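Presented below is the structure to which this report refers.
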Amino acid sequence: MADSDECLFCGIIAGTIPSERVYEDDMVYAFKDINPKAKVHVLIVPRKHYRDVAALAKNDPALLAHIVETAQGIADKAFHGAYRLIFNTGRDAGQSVFHVHAHVLTGETMDE
Ligand code: AMP
Ligand code: ZN
């Protein structure tokens with residue numbers, strides 16, 4: 001069985017699990033986090049399943065760059081281009097879904 005078979009975010013990308021879409025193109029899908037930690041909290045996932053950002057960076061650095069570009073576009077619209085970009089990597093760092101996702105936090109001034 002492939003990693004992606006039981007993957008929540010593969011289900012969201014496929015549309016079998018509902019989500020609030022913010023942006024999509026042929027490489028990525030972006031949707032609202034169900035438990036927002038900022039006024040605007042969006043998750044960006046590549047359509048292709050990688051378990052974490054290290055695997056993505058190693059196998060497809062251009063796709064990682066595209067995720068950053070997508071985050072910038074979301075923040076340009078939501079908050080004059082300012083944003084926090086987080087990739088929790090590993091269970092002990094808070095990663096709970098093992099399909100790489102960028103947390104984009106924006107829409108308000110944030111503490112340090
Ligand atoms: P992480 O802890 O870095 O793996 O992030 C997983 C994120 O996914 C958390 O911020 C959750 O709130 C979010 N999340 C979990 N299930 C859903 C869902 N069905 N729709 C949107 N966001 C979700
Ligand atoms: Zn997946």
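By convention here, the chains of the structure tokens are called A, B, ... in the order presented, each chain's residues are numbered starting at 1, and ligands are numbered starting at 1 in the order presented.
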All residues having an atom within 12 Å of ligand 2 (only C-alpha atoms and all ligand atoms) as JSON, numbers by chain: {"A": [2, 3, 4, 5, 6, 7, 8, 9, 10, 11, 12, 13, 14, 28, 29, 45, 46, 47, 48, 49, 50, 51, 52, 97, 98, 99, 100, 101]}
Backbone DSSP call of helix (DSSP H, G or I) for chain A, listed as a PyMOL selection string: chain A and resi 3-6+8-14+53-59+61-79+91-93
Any chance you could export the current selection's N, CA, C and O atoms as a short mmCIF file (atom, residue, chain, number, x, y, z; two decimals), in the first residue's frame?
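The result, written out as part_18.cif:
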```
data_model
loop_
_atom_site.label_atom_id
_atom_site.label_comp_id
_atom_site.auth_asym_id
_atom_site.auth_seq_id
_atom_site.Cartn_x
_atom_site.Cartn_y
_atom_site.Cartn_z
N ASP A 3 1.96 5.20 0.64
CA ASP A 3 1.71 6.17 1.72
C ASP A 3 0.45 6.99 1.46
O ASP A 3 -0.27 7.35 2.38
N SER A 4 0.22 7.30 0.19
CA SER A 4 -0.86 8.22 -0.18
C SER A 4 -2.25 7.59 -0.05
O SER A 4 -3.25 8.31 -0.02
N ASP A 5 -2.34 6.25 0.08
CA ASP A 5 -3.65 5.59 0.08
C ASP A 5 -4.53 6.02 1.24
O ASP A 5 -5.74 6.12 1.11
N GLU A 6 -3.93 6.25 2.40
CA GLU A 6 -4.71 6.57 3.59
C GLU A 6 -4.48 8.03 4.01
O GLU A 6 -4.66 8.37 5.17
N LEU A 8 -4.96 11.95 4.48
CA LEU A 8 -6.01 12.97 4.58
C LEU A 8 -5.89 14.01 3.48
O LEU A 8 -6.88 14.39 2.84
N PHE A 9 -4.67 14.50 3.25
CA PHE A 9 -4.53 15.59 2.29
C PHE A 9 -4.63 15.09 0.84
O PHE A 9 -5.10 15.84 -0.02
N CYS A 10 -4.27 13.85 0.57
CA CYS A 10 -4.55 13.29 -0.76
C CYS A 10 -6.07 13.24 -0.97
O CYS A 10 -6.56 13.51 -2.08
N GLY A 11 -6.82 12.93 0.10
CA GLY A 11 -8.29 12.92 0.02
C GLY A 11 -8.85 14.31 -0.24
O GLY A 11 -9.81 14.47 -1.00
N ILE A 12 -8.26 15.31 0.39
CA ILE A 12 -8.71 16.70 0.16
C ILE A 12 -8.41 17.11 -1.27
O ILE A 12 -9.25 17.70 -1.95
N ILE A 13 -7.22 16.79 -1.77
CA ILE A 13 -6.86 17.13 -3.15
C ILE A 13 -7.81 16.44 -4.13
O ILE A 13 -8.26 17.04 -5.12
N ALA A 14 -8.14 15.18 -3.85
CA ALA A 14 -9.02 14.41 -4.73
C ALA A 14 -10.48 14.86 -4.63
O ALA A 14 -11.31 14.54 -5.49
N VAL A 53 8.88 18.19 4.18
CA VAL A 53 9.54 19.19 3.33
C VAL A 53 10.94 18.74 2.92
O VAL A 53 11.42 19.12 1.84
N ALA A 54 11.59 17.92 3.74
CA ALA A 54 12.92 17.43 3.37
C ALA A 54 12.84 16.53 2.15
O ALA A 54 13.66 16.64 1.22
N ALA A 55 11.85 15.64 2.12
CA ALA A 55 11.67 14.76 0.95
C ALA A 55 11.31 15.58 -0.28
O ALA A 55 11.78 15.30 -1.40
N LEU A 56 10.50 16.60 -0.09
CA LEU A 56 10.14 17.47 -1.22
C LEU A 56 11.36 18.22 -1.75
O LEU A 56 11.60 18.25 -2.96
N ALA A 57 12.14 18.81 -0.85
CA ALA A 57 13.32 19.58 -1.26
C ALA A 57 14.31 18.70 -2.02
O ALA A 57 14.92 19.13 -3.01
N LYS A 58 14.46 17.46 -1.56
CA LYS A 58 15.42 16.54 -2.17
C LYS A 58 14.96 16.10 -3.56
O LYS A 58 15.76 16.01 -4.50
N ASN A 59 13.68 15.83 -3.69
CA ASN A 59 13.16 15.23 -4.93
C ASN A 59 12.64 16.23 -5.95
O ASN A 59 12.62 15.93 -7.14
N PRO A 61 12.93 20.32 -5.89
CA PRO A 61 13.12 21.67 -5.34
C PRO A 61 12.30 22.74 -6.05
O PRO A 61 11.90 23.73 -5.42
N ALA A 62 12.03 22.56 -7.33
CA ALA A 62 11.24 23.56 -8.05
C ALA A 62 9.81 23.61 -7.51
O ALA A 62 9.19 24.68 -7.45
N LEU A 63 9.31 22.46 -7.11
CA LEU A 63 7.96 22.40 -6.54
C LEU A 63 7.93 23.10 -5.17
O LEU A 63 6.96 23.80 -4.85
N LEU A 64 8.99 22.95 -4.40
CA LEU A 64 9.08 23.66 -3.12
C LEU A 64 9.10 25.17 -3.38
O LEU A 64 8.41 25.93 -2.69
N ALA A 65 9.86 25.59 -4.37
CA ALA A 65 9.90 27.02 -4.72
C ALA A 65 8.52 27.50 -5.15
O ALA A 65 8.11 28.63 -4.82
N HIS A 66 7.79 26.66 -5.83
CA HIS A 66 6.44 27.05 -6.26
C HIS A 66 5.50 27.20 -5.06
O HIS A 66 4.61 28.06 -5.07
N ILE A 67 5.69 26.39 -4.04
CA ILE A 67 4.88 26.53 -2.82
C ILE A 67 5.17 27.89 -2.16
O ILE A 67 4.25 28.59 -1.73
N VAL A 68 6.44 28.29 -2.13
CA VAL A 68 6.79 29.60 -1.56
C VAL A 68 6.15 30.72 -2.39
O VAL A 68 5.57 31.68 -1.85
N GLU A 69 6.23 30.58 -3.70
CA GLU A 69 5.63 31.59 -4.59
C GLU A 69 4.10 31.68 -4.36
O GLU A 69 3.51 32.76 -4.35
N THR A 70 3.47 30.53 -4.15
CA THR A 70 2.03 30.49 -3.89
C THR A 70 1.71 31.17 -2.57
O THR A 70 0.73 31.94 -2.47
N ALA A 71 2.52 30.93 -1.55
CA ALA A 71 2.34 31.59 -0.25
C ALA A 71 2.43 33.11 -0.42
O ALA A 71 1.62 33.86 0.14
N GLN A 72 3.41 33.54 -1.19
CA GLN A 72 3.58 34.97 -1.43
C GLN A 72 2.34 35.57 -2.08
O GLN A 72 1.86 36.64 -1.68
N GLY A 73 1.80 34.86 -3.05
CA GLY A 73 0.59 35.35 -3.73
C GLY A 73 -0.60 35.47 -2.78
O GLY A 73 -1.37 36.43 -2.86
N ILE A 74 -0.74 34.49 -1.89
CA ILE A 74 -1.84 34.52 -0.91
C ILE A 74 -1.66 35.72 0.03
O ILE A 74 -2.60 36.46 0.30
N ALA A 75 -0.42 35.93 0.49
CA ALA A 75 -0.15 37.03 1.42
C ALA A 75 -0.22 38.39 0.73
O ALA A 75 -0.59 39.39 1.36
N ASP A 76 0.11 38.44 -0.54
CA ASP A 76 -0.02 39.71 -1.28
C ASP A 76 -1.48 40.16 -1.26
O ASP A 76 -1.77 41.35 -1.09
N LYS A 77 -2.37 39.20 -1.41
CA LYS A 77 -3.81 39.53 -1.42
C LYS A 77 -4.33 39.79 0.00
O LYS A 77 -5.12 40.70 0.22
N ALA A 78 -3.88 38.98 0.96
CA ALA A 78 -4.46 39.04 2.31
C ALA A 78 -3.85 40.11 3.20
O ALA A 78 -4.53 40.65 4.08
N PHE A 79 -2.54 40.43 2.99
CA PHE A 79 -1.86 41.27 3.99
C PHE A 79 -0.58 41.87 3.42
O PHE A 79 0.51 41.59 3.91
N ARG A 91 7.10 14.15 13.87
CA ARG A 91 6.03 14.12 14.87
C ARG A 91 6.37 14.98 16.09
O ARG A 91 5.53 15.73 16.59
N ASP A 92 7.61 14.94 16.53
CA ASP A 92 8.00 15.68 17.74
C ASP A 92 8.11 17.19 17.50
O ASP A 92 8.27 17.96 18.46
N ALA A 93 8.03 17.60 16.24
CA ALA A 93 7.98 19.03 15.93
C ALA A 93 6.56 19.49 15.65
O ALA A 93 6.32 20.64 15.27
#
```
Distance limit 9 Å, reference ligand 1, atoms considered: only C-alpha atoms and all ligand atoms. Which residues make the cut? Give them as JSON, numbers by chain. {"A": [8, 9, 12, 17, 18, 19, 20, 31, 32, 33, 34, 35, 36, 37, 41, 42, 43, 86, 87, 88, 89, 90, 91, 93, 94, 95, 96, 97, 98, 99, 100, 101, 102, 103]}
Selected residues written out, C-alpha atoms, as a compact mmCIF listing (two decimals), in the first residue's frame:
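Contents of the output file selection-v5.txt:
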```
# COMPACT_ATOMS: atom_id res chain seq x y z
CA LEU A 8 -6.01 12.97 4.58
CA PHE A 9 -4.53 15.59 2.29
CA ILE A 12 -8.71 16.70 0.16
CA ILE A 17 -12.82 15.04 1.80
CA PRO A 18 -14.30 18.57 1.86
CA SER A 19 -12.16 21.69 2.18
CA GLU A 20 -12.44 25.44 1.70
CA PHE A 31 -7.20 25.50 1.53
CA LYS A 32 -8.18 26.98 4.89
CA ASP A 33 -6.84 25.27 8.00
CA ILE A 34 -9.75 23.83 9.99
CA ASN A 35 -8.24 25.14 13.26
CA PRO A 36 -6.83 28.57 12.34
CA LYS A 37 -3.94 30.01 14.37
CA HIS A 41 -4.32 30.40 8.05
CA VAL A 42 -3.96 28.53 4.76
CA LEU A 43 -2.35 25.17 4.07
CA ILE A 86 5.90 26.99 8.61
CA PHE A 87 6.70 23.39 7.71
CA ASN A 88 6.38 21.21 10.80
CA THR A 89 8.72 18.32 10.13
CA GLY A 90 8.55 15.16 12.24
CA ARG A 91 6.03 14.12 14.87
CA ALA A 93 7.98 19.03 15.93
CA GLY A 94 4.20 18.96 15.63
CA GLN A 95 3.73 17.32 12.24
CA SER A 96 0.47 15.35 12.39
CA VAL A 97 -0.28 14.87 8.67
CA PHE A 98 2.50 13.20 6.70
CA HIS A 99 1.79 14.85 3.36
CA VAL A 100 4.01 17.91 3.21
CA HIS A 101 2.10 21.14 3.80
CA ALA A 102 3.11 24.76 4.24
CA HIS A 103 1.23 26.68 6.90
```
Shell around Tyr83 (chain A) at 7 Å using only C-alpha atoms, local window under 6 positions removed, as a short mmCIF file (atom, residue, chain, number, x, y, z; two decimals) with C-alpha atoms, in the first residue's frame:
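The resulting file, around16.cif, is shown below:
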```cif
data_model
loop_
_atom_site.label_atom_id
_atom_site.label_comp_id
_atom_site.auth_asym_id
_atom_site.auth_seq_id
_atom_site.Cartn_x
_atom_site.Cartn_y
_atom_site.Cartn_z
CA ALA A 75 -0.15 37.03 1.42
CA VAL A 104 0.73 30.26 5.68
CA LEU A 105 -0.15 32.58 8.57
CA THR A 106 -1.10 36.09 7.57
#
```
Nearest-residue call for Ala38 (chain A), choices A:Asp60, A:Gly107, A:Asp25, A:Glu112, using only C-alpha atoms: A:Gly107
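One finds CA of Val40 (chain A) at 14.8 Å from CA of Asp111 (chain A).
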Write down as a short mmCIF file (atom, residue, chain, number, x, y, z; two decimals) with N, CA and C atoms, in the first residue's frame the residues belonging to region 13-87 of chain A that are assigned strand (DSSP E) by DSSP computed on the backbone.
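Saved as out_2.cif:
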```cif
data_model
loop_
_atom_site.label_atom_id
_atom_site.label_comp_id
_atom_site.auth_asym_id
_atom_site.auth_seq_id
_atom_site.Cartn_x
_atom_site.Cartn_y
_atom_site.Cartn_z
N ARG A 21 -11.40 25.79 -0.45
CA ARG A 21 -10.32 26.09 -1.39
C ARG A 21 -10.00 27.58 -1.40
N VAL A 22 -8.71 27.87 -1.44
CA VAL A 22 -8.23 29.25 -1.53
C VAL A 22 -7.57 29.48 -2.89
N TYR A 23 -6.87 28.47 -3.37
CA TYR A 23 -6.12 28.58 -4.64
C TYR A 23 -5.81 27.17 -5.12
N GLU A 24 -5.72 27.01 -6.44
CA GLU A 24 -5.20 25.74 -6.97
C GLU A 24 -4.62 25.95 -8.35
N VAL A 28 -0.20 22.57 -7.14
CA VAL A 28 -0.53 22.72 -5.71
C VAL A 28 -2.01 22.95 -5.49
N TYR A 29 -2.44 22.69 -4.24
CA TYR A 29 -3.81 22.98 -3.79
C TYR A 29 -3.68 23.69 -2.45
N ALA A 30 -4.43 24.79 -2.27
CA ALA A 30 -4.37 25.55 -1.03
C ALA A 30 -5.77 25.68 -0.45
N PHE A 31 -5.88 25.51 0.88
CA PHE A 31 -7.20 25.50 1.53
C PHE A 31 -7.06 26.02 2.96
N LYS A 32 -8.20 26.43 3.54
CA LYS A 32 -8.18 26.98 4.89
C LYS A 32 -7.92 25.90 5.93
N VAL A 40 -5.76 34.73 8.93
CA VAL A 40 -5.72 33.93 7.70
C VAL A 40 -4.71 32.80 7.92
N HIS A 41 -5.19 31.57 7.86
CA HIS A 41 -4.32 30.40 8.05
C HIS A 41 -4.66 29.41 6.92
N VAL A 42 -3.75 29.35 5.97
CA VAL A 42 -3.96 28.53 4.76
C VAL A 42 -2.90 27.44 4.73
N LEU A 43 -3.30 26.26 4.30
CA LEU A 43 -2.35 25.17 4.07
C LEU A 43 -2.16 25.03 2.56
N ILE A 44 -0.90 24.93 2.14
CA ILE A 44 -0.58 24.68 0.73
C ILE A 44 0.04 23.30 0.64
N VAL A 45 -0.54 22.46 -0.21
CA VAL A 45 -0.01 21.10 -0.40
C VAL A 45 0.31 20.86 -1.87
N PRO A 46 1.42 20.19 -2.15
CA PRO A 46 1.65 19.76 -3.54
C PRO A 46 0.69 18.63 -3.88
N ARG A 84 3.94 34.41 7.63
CA ARG A 84 4.80 33.43 8.29
C ARG A 84 4.57 32.11 7.57
N LEU A 85 5.67 31.42 7.26
CA LEU A 85 5.59 30.16 6.50
C LEU A 85 6.23 29.06 7.34
N ILE A 86 5.43 28.03 7.67
CA ILE A 86 5.90 26.99 8.61
C ILE A 86 5.73 25.61 7.98
#
```
